[in-house]
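What follows is a short report on a single structure.
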Amino acid sequence: MVDQLPNRGREAEMLQEMGLQSMEDLFSDIPENVRFKGELPLPPPQSEEEILSDARRLLGSNTAMGSRPSFLGAGLYRNYVPASVFQLVTRGEFLTAYTPYQPEVSQGMLQAMWEFQTLVSELVGMPIANLSLYDGSTAAAEALTCAVRVHNRKASQPDTVYVSALTPPDKLSVMQNYCQGAEINIRFLAHNDDGTLDLEALKAAAGSCGVYLEQPNPLGVLDEGLTAVKEIIGSNTALIVGVQPVSLGVVEAPGHYGADIVVGEGQPLGSPVTGGGPLYGIFACTKPYLRLMPGRIVGRSIDVDGKEAYCLTLSTREQHIRRHRATSNICTNETLIALMGAMHMALLGPDGLRDLANRNMMACQKAKEVLAKTPGVRVVHDAHHFNEFAIEVQGSATECLAYLDNNGIIGGLDLGRWYEDTTNQILVTATDQTTLREIEALSAQLAMWSSHSGVNA
């Protein structure tokens with residue numbers, strides 16, 4: 001019979017086992033000023049009807065995506081996703097499927113996963129792709145640690161990686177979390193005033209374990225200089241390129257200009273923009289990185305009867321839960337959302353993807369043309385852009401965006417949240433869902449803001 005000790009007795013027993021005298025000792029590492037004291041302001045118990053009523057009230061206060069003009073992107077992008085994607089992905093076979101450890105009963109799911117890998121591989125121009133990671137930031141961080149695992153012995157700068165100085169702070173924080181525990185040093189690569197990479201400064205990265213860059217970069221700039229990066233850093237330094245996957249309908253695939261690892265946020269393909277998710281990370285590489293890449297990979301083979309068969313291959317779940325000896329502590333993936341991406345890509349085909357990319361690029365170009373003529377607005381970089389570009393406004397970008405919001409427009413991202421010296425700059429995003437009427441409305445409101453700020457039209 002289980003010993004029925006009272007709660008306090010159980011608490012005392014556990015504290016004693018840990019060598020502590022009280023609960024205060026257990027939480028002594030937490031600073032006093034961040035501890036909550038008092039009762040939580042929770043409402044009394046509610047019935048199911050009351051809970052549903054409260055939920056509807058709270059949800060009703062949200063602004064539905066698409067109900068007002070939005071120029072906010074900065075990593076997540078609105079693209080039209082065919083209705084058939086949502087119809088297919090809600091089939092029970094996909095919604096209820098777990099890891100297909102038993103291939104004899106999971107061939108359909110495994111084939112769908114394999115098709116995703118094949119589509120990503122063709123899209124980025126790389127021979128190998130895994131079955132996705134949690135999101136683009138995780139994929140980028142995993143790429144850095146993978147590069148160190150492969151190159152550290154040959155590197156003249158061991159345990160060192162170089163990262164674009166334009167990398168957004170949310171993504172950079174994930175990289176730092178990964179690299180800090182692994183004792184990997186992160187150094188930064190400078191950019192020119194026009195937003196392109198400083199190729200002269202890049203020479204310092206030669207001999208390191210890896211270099212992380214994005215195409216287009218976080219300011220939307222398409223940098224032709226990236227085609228020369230691999231030649232500068234050499235074969236013993238991994239070139240890691242972060243991509244916006246839709247852009248690859250018109251932009252050269254990184255695998256064709258020397259990339260060793262390609263990562264990215266897959267959300268623009270297959271998934272709508274939602275608050276915090278769902279997301280999935282793209283990860284593809286060349287053969288030297290195959291055995292040390294994170295995540296899962298599905299392989300296609302021939303069974304004893306000569307028929308095609310699919311199974312998880314090359315790495316097992318157990319490999320990823322061996323603590324400090326593990327290749328990676330990621331032992332799962334975003335299968336359902338990745339399959340939405342595969343469905344979207346398959347429905348589009350090469351021509352459809354090119355059309356989608358062109359629609360995104362044309363919307364961005366039109367927005368640039370209109371805003372460049374708007375009083376009090378300056379387009380910051382004279383360059384080719386995809387999806388987004390930075391503008392400079394009069395006064396504070398934060399106040400300008402608040403003004404736009406009060407007038408029914410989500411104006412973009414305050415770049416002061418990313419970079420200290422850009423408090424009057426806004427990152428404006430346009431996709432295939434952006435209309436000319438919305439662009440003209442933004443221009444008109446920015447002109448009004450400029451006049452309020454004392455700018456002569």
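Every chain in the structure tokens has a letter given in the order shown (A, B, ...), and although residue numbers restart at 1 in each chain, ligands are simply numbered from 1 in the order shown.
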(request) Using only C-alpha atoms, determine which residues lie at most 10 Å from region 305-314 of chain A, disregarding the query and same-chain residues fewer than 3 positions distant; provide the list as a list in words. (result)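 In the requested form, the answer reads Thr99, Pro100, Tyr101, Gln102, Pro103, Glu104, Ser106, Gln107, Gly108, Met109, Leu110, Gln111, Ala112, Met113, Trp114, Leu131, Leu290, Arg291, Leu292, Arg296, Ile297, Val298, Gly299, Arg300, Ser301, Ile302, Arg317 and Gln319 of chain A.
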Which region 289-363 of chain A residues have any atom within 10 Å of an atom of region 367-381 of chain A, and for each, what is the nearest pair of atoms with distance in Å to one decimal, counting only C-alpha atoms, rows sorted by chain and number, as JSON lines?
```
{"residue": "A:Met361", "atom": "CA", "partner": "A:Ala367", "partner_atom": "CA", "distance": 9.9}
{"residue": "A:Met362", "atom": "CA", "partner": "A:Ala367", "partner_atom": "CA", "distance": 8.5}
{"residue": "A:Ala363", "atom": "CA", "partner": "A:Ala367", "partner_atom": "CA", "distance": 6.2}
```
(request) Have a look at A:Phe188, A:Phe389, A:Phe283, A:Tyr178 and name the one nearest to Ser328 (chain A); count only C-alpha atoms. (result) A:Tyr178
(request) Mind the document's chain letters and residue numbers, and return as a PyMOL selection string the residues of region 7-241 of chain A that DSSP labels helix (DSSP H, G or I). (result) chain A and resi 7-18+23-26+32-34+48-60+83-89+92-95+103-105+107-124+136-151+169-181+199-205+224-233
(request) Compile the contact shell of region 90-96 of chain A as a list in words: residues with an atom at most 7 Å away, counting only C-alpha atoms, same-chain residues fewer than 3 positions apart removed. (result) Phe86, Gln87 and Leu336 of chain A
(message) Using only C-alpha atoms for the distances, tell me which of A:Gly295, A:Val241, A:Cys331, A:Ala430 is nearest to Gly412 (chain A).
(response) A:Ala430
(request) State, in Å with one decimal place, the distance from CA of Thr145 (chain A) to CA of Ala182 (chain A). (result) 7.9 Å
